[in-house]
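Below: the structure, in structure tokens.
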Amino acid sequence: MNKKEYSEYVKRKARKSPITKNCSFAFLIGGLICTLAHGLKNIYLSFDLDERSASSLVSVTLILITAVLTGIGVFDNIAKVAGAGTIVPITGFANAVSSAAIDNKSEGYVLGVGAKMFVIAGPVIVFGLLSGAIYGVIYYIVGVFL
Amino acid sequence: MDSPISYLYAFLIGGALCVIAQILIDKTKLTPARILVIYVCAGVVLTAVGAYKPLVDLAGGGATTPLTGFGYTIATGVREAVDEKGLLGALTGGISATSAGICAAIIFGFLASLIFTGKPKK
């Protein structure tokens, strides 16, 4: 192949690789976080906790770890590589809250930390609860008539 | 107790849910915040139609840790509350079931802001 073909070949490869790379890291790191959560839950279950408490405690643990890693600046470095691998698990939700809280501290605790915490977490809670409430109403109506 | 194979499923399913989001981020103009909202709502809808529970039974943490699992928790909480309290449960169930996670995120986020100071934005 001549020079021009080669440069086109390189360009095509270069454009293609980010998504493959991004997806591989997202899969690997996202999968590892989920496996860790799965293991944590089994540990908590072995302490005689009921199913729901154990699940809640797993979320709380991951959120705590995320808040600490976000605070010491490590989370950002992992997230840069992991992409959706850290965004999609509960760690993404926790990081959105804690990084917004830390970054907006200079605006004060009420309108900085207290308000900006919810810039990304707010919509998640709003639409999650909204769709949940709609489901509840439908489920209720179906239950009444069937 | 869970079989060792469930760890493999947790890894595979959890990873796959992250890859779907990564493709959405790379191929569309969706921001991470929108992806999270879509995931939560998808979790609620999939749970409502009965499609998510089998995934949770199979993959455990692989299905409950991604934000779709947050939606699953909301939907199952709502359903149990409606069974128990009637229509009022549609309002109480979702937030009760997710209260630990939401409150932990708020409390730990606040504590983090007390302890740590943000680095200047690049």
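Residue numbering restarts at 1 in every chain; chains get A, B, ... in the order shown in the structure tokens, and ligands count up from 1 in that same order.
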
Distance limit 7 Å, atoms considered: only C-alpha atoms. Which chain B residues sit that close to chain A? Return them as a VMD selection string. chain B and resid 7 10 to 12 14 to 16 18 to 19 21 to 22 26 33 36 to 37 40 to 41 44 48 60 to 62 65 to 67 71 74 to 75 78 to 79 82 86 to 87 90 to 91 94 to 95 100 to 101 104 to 106 108 to 110 112 to 113 116 to 118

Out of chain B, which residues get helix (DSSP H, G or I) from DSSP, as a VMD selection string? chain B and resid 5 to 27 32 to 48 52 to 59 61 to 64 67 to 115

Do a neighbour search on B:Ile35 at 8 Å with only C-alpha atoms, toss out local chain neighbours closer than 4 positions, and write the hits as a tab-separated table (two decimals) with N, CA and C atoms, in the first residue's frame.
```tsv
chain	number	residue	atom	x	y	z
B	21	ALA	N	-24.00	1.37	28.13
B	21	ALA	CA	-23.93	2.81	28.43
B	21	ALA	C	-22.75	3.47	27.73
B	24	LEU	N	-23.61	4.06	24.21
B	24	LEU	CA	-24.52	5.21	24.12
B	24	LEU	C	-23.76	6.52	24.26
B	25	ILE	N	-22.77	6.55	25.17
B	25	ILE	CA	-21.99	7.78	25.37
B	25	ILE	C	-21.15	8.07	24.12
B	30	LEU	N	-25.68	11.70	24.11
B	30	LEU	CA	-26.24	11.62	25.46
B	30	LEU	C	-25.17	11.90	26.52
B	31	THR	N	-25.49	12.78	27.46
B	31	THR	CA	-24.56	13.05	28.56
B	31	THR	C	-24.71	11.96	29.62
B	39	TYR	N	-31.24	4.87	32.64
B	39	TYR	CA	-31.00	3.58	33.31
B	39	TYR	C	-31.98	3.36	34.46
```

Between atom CA of B:Ser6 and atom CA of B:Tyr52 - distance in Å to one decimal: 16.1 Å

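One finds atom CA of B:Tyr72 at 25.9 Å from atom CA of A:Phe75.
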
Which is closest to B:Pro32 among A:Val142, A:Val74, A:Ala79, A:Val110, if we use only C-alpha atoms? A:Ala79
